[in-house]
>>> print(open('target-v6.txt').read())   # compact mmCIF, N, CA and C atoms
# COMPACT_ATOMS: atom_id res chain seq x y z
N MET V 1 -13.57 -1.02 2.79
CA MET V 1 -14.31 -0.21 1.86
C MET V 1 -15.16 0.83 2.61
N ILE V 2 -15.77 0.40 3.69
CA ILE V 2 -16.61 1.32 4.46
C ILE V 2 -15.78 2.47 5.00
N ALA V 3 -14.60 2.15 5.52
CA ALA V 3 -13.73 3.20 6.07
C ALA V 3 -13.28 4.15 4.97
N VAL V 4 -12.98 3.63 3.79
CA VAL V 4 -12.55 4.50 2.68
C VAL V 4 -13.69 5.44 2.29
N ILE V 5 -14.90 4.90 2.17
CA ILE V 5 -16.05 5.73 1.80
C ILE V 5 -16.31 6.81 2.85
N ILE V 6 -16.27 6.42 4.12
CA ILE V 6 -16.49 7.40 5.19
C ILE V 6 -15.40 8.47 5.16
N GLY V 7 -14.16 8.04 4.96
CA GLY V 7 -13.05 8.99 4.88
C GLY V 7 -13.21 9.96 3.73
N LEU V 8 -13.62 9.45 2.57
CA LEU V 8 -13.83 10.34 1.42
C LEU V 8 -14.95 11.34 1.69
N VAL V 9 -16.05 10.86 2.24
CA VAL V 9 -17.18 11.76 2.54
C VAL V 9 -16.76 12.83 3.54
N LEU V 10 -16.07 12.42 4.60
CA LEU V 10 -15.64 13.40 5.62
C LEU V 10 -14.68 14.42 5.04
N ASN V 11 -13.78 13.99 4.16
CA ASN V 11 -12.82 14.92 3.57
C ASN V 11 -13.45 15.81 2.52
N LEU V 12 -14.30 15.25 1.66
CA LEU V 12 -14.91 16.05 0.60
C LEU V 12 -15.90 17.08 1.14
N THR V 13 -16.57 16.74 2.21
CA THR V 13 -17.53 17.68 2.79
C THR V 13 -16.86 18.71 3.70
N GLY V 14 -15.61 18.48 4.07
CA GLY V 14 -14.91 19.40 4.96
C GLY V 14 -15.16 19.11 6.43
N ILE V 15 -15.93 18.08 6.72
CA ILE V 15 -16.23 17.74 8.12
C ILE V 15 -14.96 17.35 8.87
N TYR V 16 -14.08 16.59 8.19
CA TYR V 16 -12.84 16.15 8.85
C TYR V 16 -12.00 17.36 9.26
N SER V 17 -11.82 18.31 8.35
CA SER V 17 -11.03 19.51 8.67
C SER V 17 -11.66 20.29 9.81
N TRP V 18 -12.98 20.38 9.78
CA TRP V 18 -13.70 21.08 10.85
C TRP V 18 -13.50 20.38 12.19
N LEU V 19 -13.59 19.02 12.19
CA LEU V 19 -13.40 18.27 13.43
C LEU V 19 -11.99 18.42 13.98
N ILE V 20 -11.00 18.36 13.10
CA ILE V 20 -9.60 18.46 13.54
C ILE V 20 -9.31 19.87 14.06
N ALA V 21 -9.93 20.88 13.47
CA ALA V 21 -9.72 22.26 13.92
C ALA V 21 -10.50 22.58 15.20
N SER V 22 -11.48 21.75 15.53
CA SER V 22 -12.29 21.99 16.72
C SER V 22 -11.51 21.64 17.98
N PRO V 23 -12.06 21.96 19.15
CA PRO V 23 -11.40 21.57 20.41
C PRO V 23 -11.22 20.06 20.56
N LEU V 24 -12.01 19.28 19.82
CA LEU V 24 -11.88 17.82 19.88
C LEU V 24 -10.78 17.27 18.98
N GLY V 25 -10.12 18.14 18.21
CA GLY V 25 -9.11 17.71 17.26
C GLY V 25 -7.99 16.88 17.87
N ASP V 26 -7.45 17.36 18.98
CA ASP V 26 -6.37 16.62 19.64
C ASP V 26 -6.84 15.26 20.15
N THR V 27 -8.05 15.23 20.67
CA THR V 27 -8.61 13.96 21.17
C THR V 27 -8.81 12.97 20.02
N ILE V 28 -9.33 13.46 18.90
CA ILE V 28 -9.55 12.59 17.73
C ILE V 28 -8.23 12.05 17.22
N THR V 29 -7.24 12.91 17.08
CA THR V 29 -5.93 12.48 16.61
C THR V 29 -5.30 11.46 17.56
N ALA V 30 -5.36 11.72 18.84
CA ALA V 30 -4.80 10.80 19.83
C ALA V 30 -5.52 9.45 19.80
N THR V 31 -6.84 9.49 19.61
CA THR V 31 -7.62 8.25 19.54
C THR V 31 -7.22 7.44 18.31
N PHE V 32 -7.09 8.11 17.15
CA PHE V 32 -6.66 7.42 15.94
C PHE V 32 -5.27 6.81 16.13
N ASP V 33 -4.36 7.58 16.71
CA ASP V 33 -3.01 7.07 16.95
C ASP V 33 -3.03 5.86 17.88
N GLN V 34 -3.81 5.95 18.93
CA GLN V 34 -3.90 4.86 19.89
C GLN V 34 -4.51 3.61 19.26
N ALA V 35 -5.47 3.79 18.36
CA ALA V 35 -6.14 2.65 17.73
C ALA V 35 -5.30 2.02 16.63
N THR V 36 -4.59 2.84 15.86
CA THR V 36 -3.88 2.30 14.70
C THR V 36 -2.50 1.76 15.02
N THR V 37 -1.84 2.25 16.04
CA THR V 37 -0.49 1.78 16.36
C THR V 37 -0.44 0.28 16.61
N PRO V 38 -1.30 -0.27 17.44
CA PRO V 38 -1.24 -1.73 17.64
C PRO V 38 -1.66 -2.51 16.39
N ILE V 39 -2.54 -1.94 15.58
CA ILE V 39 -2.98 -2.64 14.37
C ILE V 39 -1.83 -2.76 13.38
N VAL V 40 -1.09 -1.68 13.18
CA VAL V 40 0.04 -1.71 12.27
C VAL V 40 1.07 -2.73 12.74
N SER V 41 1.37 -2.71 14.02
CA SER V 41 2.32 -3.68 14.57
C SER V 41 1.84 -5.11 14.36
N MET V 42 0.56 -5.35 14.58
CA MET V 42 0.00 -6.69 14.41
C MET V 42 0.07 -7.14 12.95
N ILE V 43 -0.23 -6.25 12.03
CA ILE V 43 -0.16 -6.60 10.61
C ILE V 43 1.27 -6.97 10.23
N LEU V 44 2.22 -6.15 10.65
CA LEU V 44 3.62 -6.44 10.33
C LEU V 44 4.08 -7.74 10.98
N PHE V 45 3.63 -8.00 12.20
CA PHE V 45 3.98 -9.25 12.87
C PHE V 45 3.41 -10.44 12.10
N CYS V 46 2.14 -10.35 11.70
CA CYS V 46 1.50 -11.45 10.99
C CYS V 46 2.17 -11.71 9.66
N LEU V 47 2.57 -10.64 8.97
CA LEU V 47 3.24 -10.84 7.69
C LEU V 47 4.59 -11.52 7.87
N GLY V 48 5.34 -11.09 8.86
CA GLY V 48 6.66 -11.65 9.05
C GLY V 48 6.66 -12.99 9.76
N TYR V 49 5.58 -13.31 10.47
CA TYR V 49 5.52 -14.53 11.28
C TYR V 49 5.64 -15.78 10.43
N ASP V 50 4.93 -15.82 9.32
CA ASP V 50 4.91 -17.01 8.48
C ASP V 50 5.79 -16.84 7.24
N LEU V 51 6.78 -15.99 7.32
CA LEU V 51 7.63 -15.72 6.17
C LEU V 51 8.64 -16.85 6.00
N ASN V 52 8.45 -17.61 4.94
CA ASN V 52 9.35 -18.71 4.62
C ASN V 52 9.84 -18.53 3.19
N ILE V 53 11.07 -18.13 3.04
CA ILE V 53 11.64 -17.96 1.71
C ILE V 53 12.76 -18.98 1.56
N ASP V 54 12.64 -19.82 0.55
CA ASP V 54 13.71 -20.76 0.28
C ASP V 54 14.30 -20.45 -1.10
N LYS V 55 15.34 -21.17 -1.46
CA LYS V 55 16.03 -20.92 -2.72
C LYS V 55 15.10 -21.10 -3.92
N ASN V 56 14.18 -22.03 -3.82
CA ASN V 56 13.30 -22.32 -4.95
C ASN V 56 12.28 -21.22 -5.20
N THR V 57 11.87 -20.51 -4.17
CA THR V 57 10.85 -19.48 -4.34
C THR V 57 11.43 -18.08 -4.49
N LEU V 58 12.68 -17.87 -4.12
CA LEU V 58 13.25 -16.53 -4.16
C LEU V 58 13.31 -15.97 -5.59
N ALA V 59 13.78 -16.76 -6.54
CA ALA V 59 13.88 -16.27 -7.92
C ALA V 59 12.50 -15.94 -8.50
N PRO V 60 11.49 -16.80 -8.37
CA PRO V 60 10.17 -16.41 -8.89
C PRO V 60 9.58 -15.19 -8.18
N ILE V 61 9.83 -15.05 -6.89
CA ILE V 61 9.33 -13.88 -6.17
C ILE V 61 9.99 -12.61 -6.70
N ILE V 62 11.28 -12.65 -6.92
CA ILE V 62 11.98 -11.48 -7.45
C ILE V 62 11.47 -11.15 -8.86
N LYS V 63 11.23 -12.17 -9.68
CA LYS V 63 10.67 -11.94 -11.02
C LYS V 63 9.29 -11.30 -10.93
N LEU V 64 8.45 -11.79 -10.01
CA LEU V 64 7.11 -11.24 -9.85
C LEU V 64 7.17 -9.79 -9.36
N ILE V 65 8.08 -9.51 -8.43
CA ILE V 65 8.27 -8.14 -7.98
C ILE V 65 8.69 -7.26 -9.14
N GLY V 66 9.62 -7.75 -9.96
CA GLY V 66 10.06 -6.99 -11.13
C GLY V 66 8.93 -6.74 -12.11
N MET V 67 8.11 -7.76 -12.35
CA MET V 67 6.98 -7.60 -13.26
C MET V 67 5.98 -6.59 -12.73
N LYS V 68 5.72 -6.63 -11.43
CA LYS V 68 4.78 -5.68 -10.83
C LYS V 68 5.33 -4.26 -10.91
N LEU V 69 6.63 -4.10 -10.69
CA LEU V 69 7.23 -2.78 -10.79
C LEU V 69 7.22 -2.26 -12.22
N VAL V 70 7.53 -3.11 -13.19
CA VAL V 70 7.52 -2.70 -14.59
C VAL V 70 6.11 -2.28 -15.01
N ALA V 71 5.10 -3.07 -14.63
CA ALA V 71 3.72 -2.72 -14.95
C ALA V 71 3.32 -1.40 -14.28
N GLY V 72 3.69 -1.24 -13.01
CA GLY V 72 3.38 0.00 -12.30
C GLY V 72 4.06 1.21 -12.92
N ILE V 73 5.32 1.06 -13.29
CA ILE V 73 6.06 2.16 -13.91
C ILE V 73 5.44 2.52 -15.26
N ALA V 74 5.01 1.51 -16.02
CA ALA V 74 4.36 1.76 -17.31
C ALA V 74 3.06 2.55 -17.12
N ILE V 75 2.29 2.18 -16.12
CA ILE V 75 1.03 2.89 -15.86
C ILE V 75 1.31 4.32 -15.40
N ILE V 76 2.30 4.48 -14.52
CA ILE V 76 2.68 5.82 -14.05
C ILE V 76 3.16 6.68 -15.22
N ALA V 77 3.95 6.09 -16.11
CA ALA V 77 4.41 6.81 -17.30
C ALA V 77 3.21 7.23 -18.15
N GLY V 78 2.19 6.37 -18.22
CA GLY V 78 0.97 6.72 -18.95
C GLY V 78 0.30 7.95 -18.37
N PHE V 79 0.34 8.09 -17.05
CA PHE V 79 -0.22 9.29 -16.43
C PHE V 79 0.54 10.54 -16.89
N PHE V 80 1.86 10.44 -17.01
CA PHE V 80 2.65 11.58 -17.47
C PHE V 80 2.33 11.92 -18.92
N VAL V 81 2.03 10.90 -19.74
CA VAL V 81 1.70 11.13 -21.14
C VAL V 81 0.27 11.66 -21.29
N LEU V 82 -0.69 11.06 -20.57
CA LEU V 82 -2.10 11.42 -20.73
C LEU V 82 -2.50 12.68 -19.96
N PHE V 83 -1.84 12.92 -18.82
CA PHE V 83 -2.21 14.05 -17.97
C PHE V 83 -0.98 14.89 -17.59
N PRO V 84 -0.25 15.41 -18.58
CA PRO V 84 1.00 16.12 -18.25
C PRO V 84 0.78 17.36 -17.37
N ASP V 85 -0.32 18.07 -17.59
CA ASP V 85 -0.58 19.27 -16.79
C ASP V 85 -0.85 18.92 -15.33
N LEU V 86 -1.64 17.87 -15.12
CA LEU V 86 -1.95 17.46 -13.75
C LEU V 86 -0.72 16.90 -13.04
N MET V 87 0.13 16.20 -13.78
CA MET V 87 1.31 15.59 -13.16
C MET V 87 2.36 16.61 -12.75
N GLU V 88 2.19 17.88 -13.17
CA GLU V 88 3.09 18.93 -12.70
C GLU V 88 2.84 19.26 -11.23
N ASP V 89 1.62 19.01 -10.78
CA ASP V 89 1.28 19.22 -9.37
C ASP V 89 1.85 18.05 -8.56
N LYS V 90 2.72 18.36 -7.60
CA LYS V 90 3.40 17.31 -6.84
C LYS V 90 2.43 16.40 -6.10
N THR V 91 1.37 16.96 -5.55
CA THR V 91 0.41 16.14 -4.82
C THR V 91 -0.27 15.15 -5.75
N TYR V 92 -0.68 15.62 -6.91
CA TYR V 92 -1.31 14.73 -7.89
C TYR V 92 -0.30 13.69 -8.39
N MET V 93 0.94 14.11 -8.62
CA MET V 93 1.96 13.19 -9.12
C MET V 93 2.22 12.05 -8.12
N MET V 94 2.20 12.37 -6.84
CA MET V 94 2.47 11.35 -5.84
C MET V 94 1.38 10.28 -5.79
N ALA V 95 0.15 10.67 -6.10
CA ALA V 95 -0.98 9.72 -6.00
C ALA V 95 -0.79 8.48 -6.86
N PRO V 96 -0.56 8.58 -8.18
CA PRO V 96 -0.36 7.35 -8.96
C PRO V 96 0.93 6.62 -8.60
N ILE V 97 1.95 7.37 -8.23
CA ILE V 97 3.22 6.72 -7.86
C ILE V 97 3.00 5.84 -6.63
N LEU V 98 2.37 6.41 -5.61
CA LEU V 98 2.13 5.65 -4.39
C LEU V 98 1.14 4.51 -4.62
N TYR V 99 0.09 4.77 -5.39
CA TYR V 99 -0.94 3.75 -5.60
C TYR V 99 -0.39 2.55 -6.38
N PHE V 100 0.36 2.81 -7.45
CA PHE V 100 0.80 1.71 -8.30
C PHE V 100 2.10 1.06 -7.83
N THR V 101 2.66 1.55 -6.74
CA THR V 101 3.79 0.86 -6.12
C THR V 101 3.44 0.35 -4.73
N ALA V 102 2.17 0.43 -4.39
CA ALA V 102 1.71 -0.04 -3.07
C ALA V 102 1.74 -1.56 -3.02
N PRO V 103 1.91 -2.11 -1.83
CA PRO V 103 1.87 -3.58 -1.71
C PRO V 103 0.46 -4.11 -1.97
N THR V 104 0.39 -5.38 -2.24
CA THR V 104 -0.89 -6.03 -2.46
C THR V 104 -1.76 -5.84 -1.23
N GLY V 105 -3.01 -5.54 -1.45
CA GLY V 105 -3.93 -5.32 -0.34
C GLY V 105 -4.15 -6.57 0.48
N PHE V 106 -4.27 -6.39 1.79
CA PHE V 106 -4.47 -7.53 2.67
C PHE V 106 -5.81 -8.20 2.42
N GLY V 107 -6.77 -7.46 1.90
CA GLY V 107 -8.09 -8.03 1.62
C GLY V 107 -8.08 -9.01 0.47
N LEU V 108 -7.03 -8.98 -0.35
CA LEU V 108 -6.95 -9.90 -1.48
C LEU V 108 -6.63 -11.33 -1.04
N MET V 109 -5.95 -11.48 0.08
CA MET V 109 -5.51 -12.80 0.52
C MET V 109 -6.67 -13.79 0.70
N PRO V 110 -7.71 -13.43 1.43
CA PRO V 110 -8.81 -14.39 1.57
C PRO V 110 -9.52 -14.68 0.24
N VAL V 111 -9.45 -13.75 -0.69
CA VAL V 111 -10.11 -13.94 -1.99
C VAL V 111 -9.37 -14.98 -2.82
N ILE V 112 -8.03 -14.94 -2.80
CA ILE V 112 -7.27 -15.88 -3.62
C ILE V 112 -6.95 -17.19 -2.91
N GLU V 113 -7.19 -17.25 -1.62
CA GLU V 113 -6.87 -18.46 -0.84
C GLU V 113 -7.51 -19.73 -1.40
N PRO V 114 -8.75 -19.70 -1.89
CA PRO V 114 -9.31 -20.93 -2.46
C PRO V 114 -8.56 -21.43 -3.70
N LEU V 115 -7.75 -20.58 -4.32
CA LEU V 115 -6.99 -20.99 -5.50
C LEU V 115 -5.70 -21.73 -5.16
N TYR V 116 -5.30 -21.68 -3.89
CA TYR V 116 -4.06 -22.35 -3.49
C TYR V 116 -4.21 -23.86 -3.66
N GLU V 117 -3.20 -24.48 -4.24
CA GLU V 117 -3.21 -25.93 -4.41
C GLU V 117 -2.54 -26.64 -3.25
N ASN V 118 -1.62 -25.92 -2.57
CA ASN V 118 -0.93 -26.52 -1.43
C ASN V 118 -0.35 -25.41 -0.56
N GLU V 119 0.35 -25.80 0.49
CA GLU V 119 0.93 -24.84 1.43
C GLU V 119 2.02 -23.98 0.78
N ASP V 120 2.67 -24.50 -0.25
CA ASP V 120 3.70 -23.72 -0.94
C ASP V 120 3.12 -22.47 -1.58
N ASP V 121 1.89 -22.58 -2.11
CA ASP V 121 1.24 -21.41 -2.70
C ASP V 121 1.01 -20.33 -1.65
N SER V 122 0.57 -20.73 -0.48
CA SER V 122 0.34 -19.79 0.61
C SER V 122 1.66 -19.15 1.05
N ALA V 123 2.71 -19.95 1.16
CA ALA V 123 4.01 -19.43 1.57
C ALA V 123 4.56 -18.46 0.52
N PHE V 124 4.35 -18.78 -0.76
CA PHE V 124 4.80 -17.90 -1.84
C PHE V 124 4.11 -16.55 -1.75
N THR V 125 2.79 -16.57 -1.58
CA THR V 125 2.03 -15.33 -1.49
C THR V 125 2.47 -14.50 -0.29
N SER V 126 2.62 -15.14 0.84
CA SER V 126 3.05 -14.44 2.05
C SER V 126 4.43 -13.81 1.85
N ALA V 127 5.34 -14.56 1.26
CA ALA V 127 6.69 -14.04 1.04
C ALA V 127 6.67 -12.89 0.04
N PHE V 128 5.87 -13.02 -1.02
CA PHE V 128 5.80 -11.95 -2.02
C PHE V 128 5.28 -10.66 -1.40
N VAL V 129 4.20 -10.75 -0.65
CA VAL V 129 3.62 -9.54 -0.03
C VAL V 129 4.63 -8.92 0.94
N SER V 130 5.27 -9.75 1.74
CA SER V 130 6.24 -9.23 2.72
C SER V 130 7.41 -8.55 2.04
N LEU V 131 7.94 -9.16 0.99
CA LEU V 131 9.08 -8.56 0.31
C LEU V 131 8.67 -7.32 -0.48
N PHE V 132 7.46 -7.32 -1.04
CA PHE V 132 7.04 -6.14 -1.79
C PHE V 132 6.79 -4.96 -0.87
N ILE V 133 6.46 -5.21 0.38
CA ILE V 133 6.32 -4.12 1.34
C ILE V 133 7.66 -3.39 1.49
N ILE V 134 8.75 -4.13 1.46
CA ILE V 134 10.08 -3.51 1.54
C ILE V 134 10.31 -2.63 0.31
N VAL V 135 9.94 -3.13 -0.87
CA VAL V 135 10.06 -2.34 -2.09
C VAL V 135 9.21 -1.07 -1.98
N SER V 136 7.99 -1.22 -1.49
CA SER V 136 7.09 -0.07 -1.34
C SER V 136 7.67 0.96 -0.38
N LEU V 137 8.26 0.50 0.71
CA LEU V 137 8.87 1.43 1.66
C LEU V 137 10.03 2.20 1.02
N ILE V 138 10.79 1.54 0.17
CA ILE V 138 11.88 2.21 -0.54
C ILE V 138 11.31 3.28 -1.48
N VAL V 139 10.26 2.92 -2.23
CA VAL V 139 9.62 3.88 -3.13
C VAL V 139 9.05 5.05 -2.34
N TYR V 140 8.37 4.78 -1.23
CA TYR V 140 7.79 5.84 -0.42
C TYR V 140 8.88 6.78 0.10
N THR V 141 10.00 6.22 0.51
CA THR V 141 11.12 7.03 0.98
C THR V 141 11.65 7.92 -0.14
N LEU V 142 11.79 7.36 -1.34
CA LEU V 142 12.26 8.15 -2.48
C LEU V 142 11.27 9.27 -2.83
N VAL V 143 9.99 8.98 -2.72
CA VAL V 143 8.98 10.01 -2.99
C VAL V 143 9.11 11.15 -1.99
N VAL V 144 9.30 10.81 -0.73
CA VAL V 144 9.43 11.86 0.30
C VAL V 144 10.71 12.67 0.07
N VAL V 145 11.79 12.01 -0.27
CA VAL V 145 13.06 12.71 -0.43
C VAL V 145 13.07 13.58 -1.70
N PHE V 146 12.53 13.06 -2.82
CA PHE V 146 12.67 13.77 -4.09
C PHE V 146 11.44 14.53 -4.56
N ILE V 147 10.25 14.22 -4.05
CA ILE V 147 9.05 14.89 -4.55
C ILE V 147 8.38 15.75 -3.50
N ALA V 148 8.21 15.21 -2.31
CA ALA V 148 7.44 15.93 -1.27
C ALA V 148 8.13 17.17 -0.77
>>> encode(input="target-v6.txt", output="C-alpha cells")
Amino acid sequence: MIAVIIGLVLNLTGIYSWLIASPLGDTITATFDQATTPIVSMILFCLGYDLNIDKNTLAPIIKLIGMKLVAGIAIIAGFFVLFPDLMEDKTYMMAPILYFTAPTGFGLMPVIEPLYENEDDSAFTSAFVSLFIIVSLIVYTLVVVFIA
C-alpha cells in the first residue's frame, strides 16, 4: 500500500517524469530493474514450489477460475455500459480489463490463512493462484496484441 501511494503521488505530481528525464533517470531505471528482477523470480518460484494439483482439486479450481472470469467480464462489460465515452480511450479501456483479470493479490494469502481448516485448503489456494496467473498472462498478451 505504501509503495502504491508513493507511486501515485510521484506520478500525479510529475516528480517521477522529472526524475526519469533527469541525468539520474538511467540510474533509477537500472536500480529498479536490479531490485525487481530477483523479486519477480522469487515470487514465481514460491508460487510454483508448493503447487500440488490432484484430480480432486482440478475441477473445483477450473470452476473457480471460470467464476472469477465471468464476474470480471461482467464488471468490465458494466464499464462499457456506464462509461462508453471513457472506454473509447485505449489506455482507460485497458485499466479495468487488466485490473479485473489480475491474479489474486499476494497480500490476501496471510489474511485468509486463518480460515484454512487443513493443508488441502492451503494447497487449493496455492494452486488456484498459480493457475490464474497463467490465465492473467493470456489476457495480458491478448490486450497487448489487440488493444495496445
>>> select_by_dssp(input="target-v6.txt", residues="range 50-102 of chain V", states="alpha helix (DSSP H)", output="ChimeraX atom specification")
/V:55-82,84-87,90-100
>>> closest_atom_pairs(input="target-v6.txt", of="range 79-148 of chain V", to="range 57-74 of chain V", cutoff="12 Å", atoms="only C-alpha atoms", output="Markdown table")
| residue | atom | partner | partner_atom | distance |
| --- | --- | --- | --- | --- |
| V:Phe79 | CA | V:Ala74 | CA | 8.9 |
| V:Phe80 | CA | V:Ala74 | CA | 10.0 |
| V:Val81 | CA | V:Ala74 | CA | 10.5 |
| V:Pro96 | CA | V:Gly72 | CA | 8.9 |
| V:Ile97 | CA | V:Gly72 | CA | 8.1 |
| V:Leu98 | CA | V:Gly72 | CA | 9.8 |
| V:Tyr99 | CA | V:Gly72 | CA | 8.8 |
| V:Phe100 | CA | V:Gly72 | CA | 5.1 |
| V:Thr101 | CA | V:Gly72 | CA | 6.3 |
| V:Ala102 | CA | V:Gly72 | CA | 9.4 |
| V:Pro103 | CA | V:Lys68 | CA | 9.8 |
| V:Thr104 | CA | V:Lys68 | CA | 10.1 |
| V:Asp120 | CA | V:Thr57 | CA | 9.0 |
| V:Asp121 | CA | V:Thr57 | CA | 9.9 |
| V:Ser122 | CA | V:Thr57 | CA | 11.6 |
| V:Ala123 | CA | V:Thr57 | CA | 9.0 |
| V:Phe124 | CA | V:Thr57 | CA | 6.7 |
| V:Thr125 | CA | V:Ile61 | CA | 8.8 |
| V:Ser126 | CA | V:Ile61 | CA | 10.4 |
| V:Ala127 | CA | V:Ile61 | CA | 7.7 |
| V:Phe128 | CA | V:Ile61 | CA | 5.8 |
| V:Val129 | CA | V:Ile65 | CA | 9.3 |
| V:Ser130 | CA | V:Ile61 | CA | 10.5 |
| V:Leu131 | CA | V:Ile65 | CA | 8.3 |
| V:Phe132 | CA | V:Ile65 | CA | 6.6 |
| V:Ile133 | CA | V:Ile65 | CA | 10.3 |
| V:Ile134 | CA | V:Ile65 | CA | 10.7 |
| V:Val135 | CA | V:Ile65 | CA | 8.5 |
| V:Ser136 | CA | V:Leu69 | CA | 9.8 |
| V:Val139 | CA | V:Leu69 | CA | 10.4 |
>>> atom_distance(input="target-v6.txt", atom1="atom C of Met93 in chain V", atom2="atom N of Pro110 in chain V")
29.0 Å
>>> atom_distance(input="target-v6.txt", atom1="CA of Gly105 in chain V", atom2="atom C of Ala3 in chain V")
14.3 Å
>>> atom_distance(input="target-v6.txt", atom1="CA of Ile28 in chain V", atom2="atom C of Gly7 in chain V")
14.7 Å
>>> closest_residue(input="target-v6.txt", among="V:Ala95, V:Ala21, V:Ile75, V:Val9", to="Tyr140 in chain V", atoms="only C-alpha atoms")
V:Ala95
>>> closest_residue(input="target-v6.txt", among="V:Trp18, V:Met94, V:Asp26, V:Pro84", to="Ala148 in chain V", atoms="only N, CA and C atoms")
V:Met94
>>> closest_residue(input="target-v6.txt", among="V:Ile147, V:Leu19, V:Leu24, V:Ile6", to="Thr91 in chain V", atoms="only N, CA and C atoms")
V:Ile147
>>> decode(input="target-v6.txt", residues="range 53-74 of chain V", atoms="N, CA and C atoms", output="mmCIF file, in the first residue's frame")
data_model
loop_
_atom_site.group_PDB
_atom_site.id
_atom_site.type_symbol
_atom_site.label_atom_id
_atom_site.label_comp_id
_atom_site.auth_asym_id
_atom_site.auth_seq_id
_atom_site.Cartn_x
_atom_site.Cartn_y
_atom_site.Cartn_z
ATOM 1 N N ILE V 53 -1.483 -30.126 -7.576
ATOM 2 C CA ILE V 53 -2.809 -30.236 -8.175
ATOM 3 C C ILE V 53 -3.095 -31.714 -8.370
ATOM 4 N N ASP V 54 -4.179 -32.170 -7.767
ATOM 5 C CA ASP V 54 -4.582 -33.552 -7.985
ATOM 6 C C ASP V 54 -5.939 -33.565 -8.685
ATOM 7 N N LYS V 55 -6.403 -34.743 -9.023
ATOM 8 C CA LYS V 55 -7.659 -34.879 -9.761
ATOM 9 C C LYS V 55 -8.839 -34.296 -8.988
ATOM 10 N N ASN V 56 -8.803 -34.410 -7.681
ATOM 11 C CA ASN V 56 -9.927 -33.945 -6.868
ATOM 12 C C ASN V 56 -10.027 -32.426 -6.822
ATOM 13 N N THR V 57 -8.912 -31.729 -6.928
ATOM 14 C CA THR V 57 -8.948 -30.271 -6.834
ATOM 15 C C THR V 57 -8.974 -29.579 -8.189
ATOM 16 N N LEU V 58 -8.629 -30.275 -9.257
ATOM 17 C CA LEU V 58 -8.556 -29.628 -10.564
ATOM 18 C C LEU V 58 -9.917 -29.106 -11.024
ATOM 19 N N ALA V 59 -10.960 -29.913 -10.911
ATOM 20 C CA ALA V 59 -12.291 -29.472 -11.355
ATOM 21 C C ALA V 59 -12.785 -28.270 -10.554
ATOM 22 N N PRO V 60 -12.704 -28.275 -9.214
ATOM 23 C CA PRO V 60 -13.137 -27.075 -8.487
ATOM 24 C C PRO V 60 -12.295 -25.837 -8.800
ATOM 25 N N ILE V 61 -11.005 -26.022 -9.041
ATOM 26 C CA ILE V 61 -10.152 -24.881 -9.387
ATOM 27 C C ILE V 61 -10.578 -24.302 -10.731
ATOM 28 N N ILE V 62 -10.839 -25.148 -11.694
ATOM 29 C CA ILE V 62 -11.276 -24.674 -13.012
ATOM 30 C C ILE V 62 -12.626 -23.960 -12.893
ATOM 31 N N LYS V 63 -13.535 -24.489 -12.078
ATOM 32 C CA LYS V 63 -14.827 -23.819 -11.862
ATOM 33 C C LYS V 63 -14.631 -22.448 -11.219
ATOM 34 N N LEU V 64 -13.736 -22.364 -10.234
ATOM 35 C CA LEU V 64 -13.477 -21.092 -9.569
ATOM 36 C C LEU V 64 -12.842 -20.086 -10.534
ATOM 37 N N ILE V 65 -11.924 -20.561 -11.365
ATOM 38 C CA ILE V 65 -11.336 -19.691 -12.384
ATOM 39 C C ILE V 65 -12.421 -19.185 -13.323
ATOM 40 N N GLY V 66 -13.313 -20.085 -13.743
ATOM 41 C CA GLY V 66 -14.420 -19.684 -14.620
ATOM 42 C C GLY V 66 -15.329 -18.664 -13.961
ATOM 43 N N MET V 67 -15.647 -18.877 -12.681
ATOM 44 C CA MET V 67 -16.495 -17.930 -11.962
ATOM 45 C C MET V 67 -15.834 -16.568 -11.845
ATOM 46 N N LYS V 68 -14.536 -16.560 -11.565
ATOM 47 C CA LYS V 68 -13.814 -15.291 -11.441
ATOM 48 C C LYS V 68 -13.768 -14.572 -12.787
ATOM 49 N N LEU V 69 -13.570 -15.318 -13.867
ATOM 50 C CA LEU V 69 -13.557 -14.708 -15.192
ATOM 51 C C LEU V 69 -14.930 -14.162 -15.576
ATOM 52 N N VAL V 70 -15.986 -14.916 -15.297
ATOM 53 C CA VAL V 70 -17.345 -14.457 -15.614
ATOM 54 C C VAL V 70 -17.665 -13.182 -14.833
ATOM 55 N N ALA V 71 -17.333 -13.163 -13.538
ATOM 56 C CA ALA V 71 -17.574 -11.966 -12.728
ATOM 57 C C ALA V 71 -16.760 -10.783 -13.257
ATOM 58 N N GLY V 72 -15.497 -11.021 -13.595
ATOM 59 C CA GLY V 72 -14.655 -9.958 -14.134
ATOM 60 C C GLY V 72 -15.168 -9.429 -15.461
ATOM 61 N N ILE V 73 -15.594 -10.322 -16.332
ATOM 62 C CA ILE V 73 -16.126 -9.909 -17.637
ATOM 63 C C ILE V 73 -17.416 -9.111 -17.455
ATOM 64 N N ALA V 74 -18.251 -9.516 -16.500
ATOM 65 C CA ALA V 74 -19.491 -8.776 -16.228
ATOM 66 C C ALA V 74 -19.177 -7.354 -15.741
#
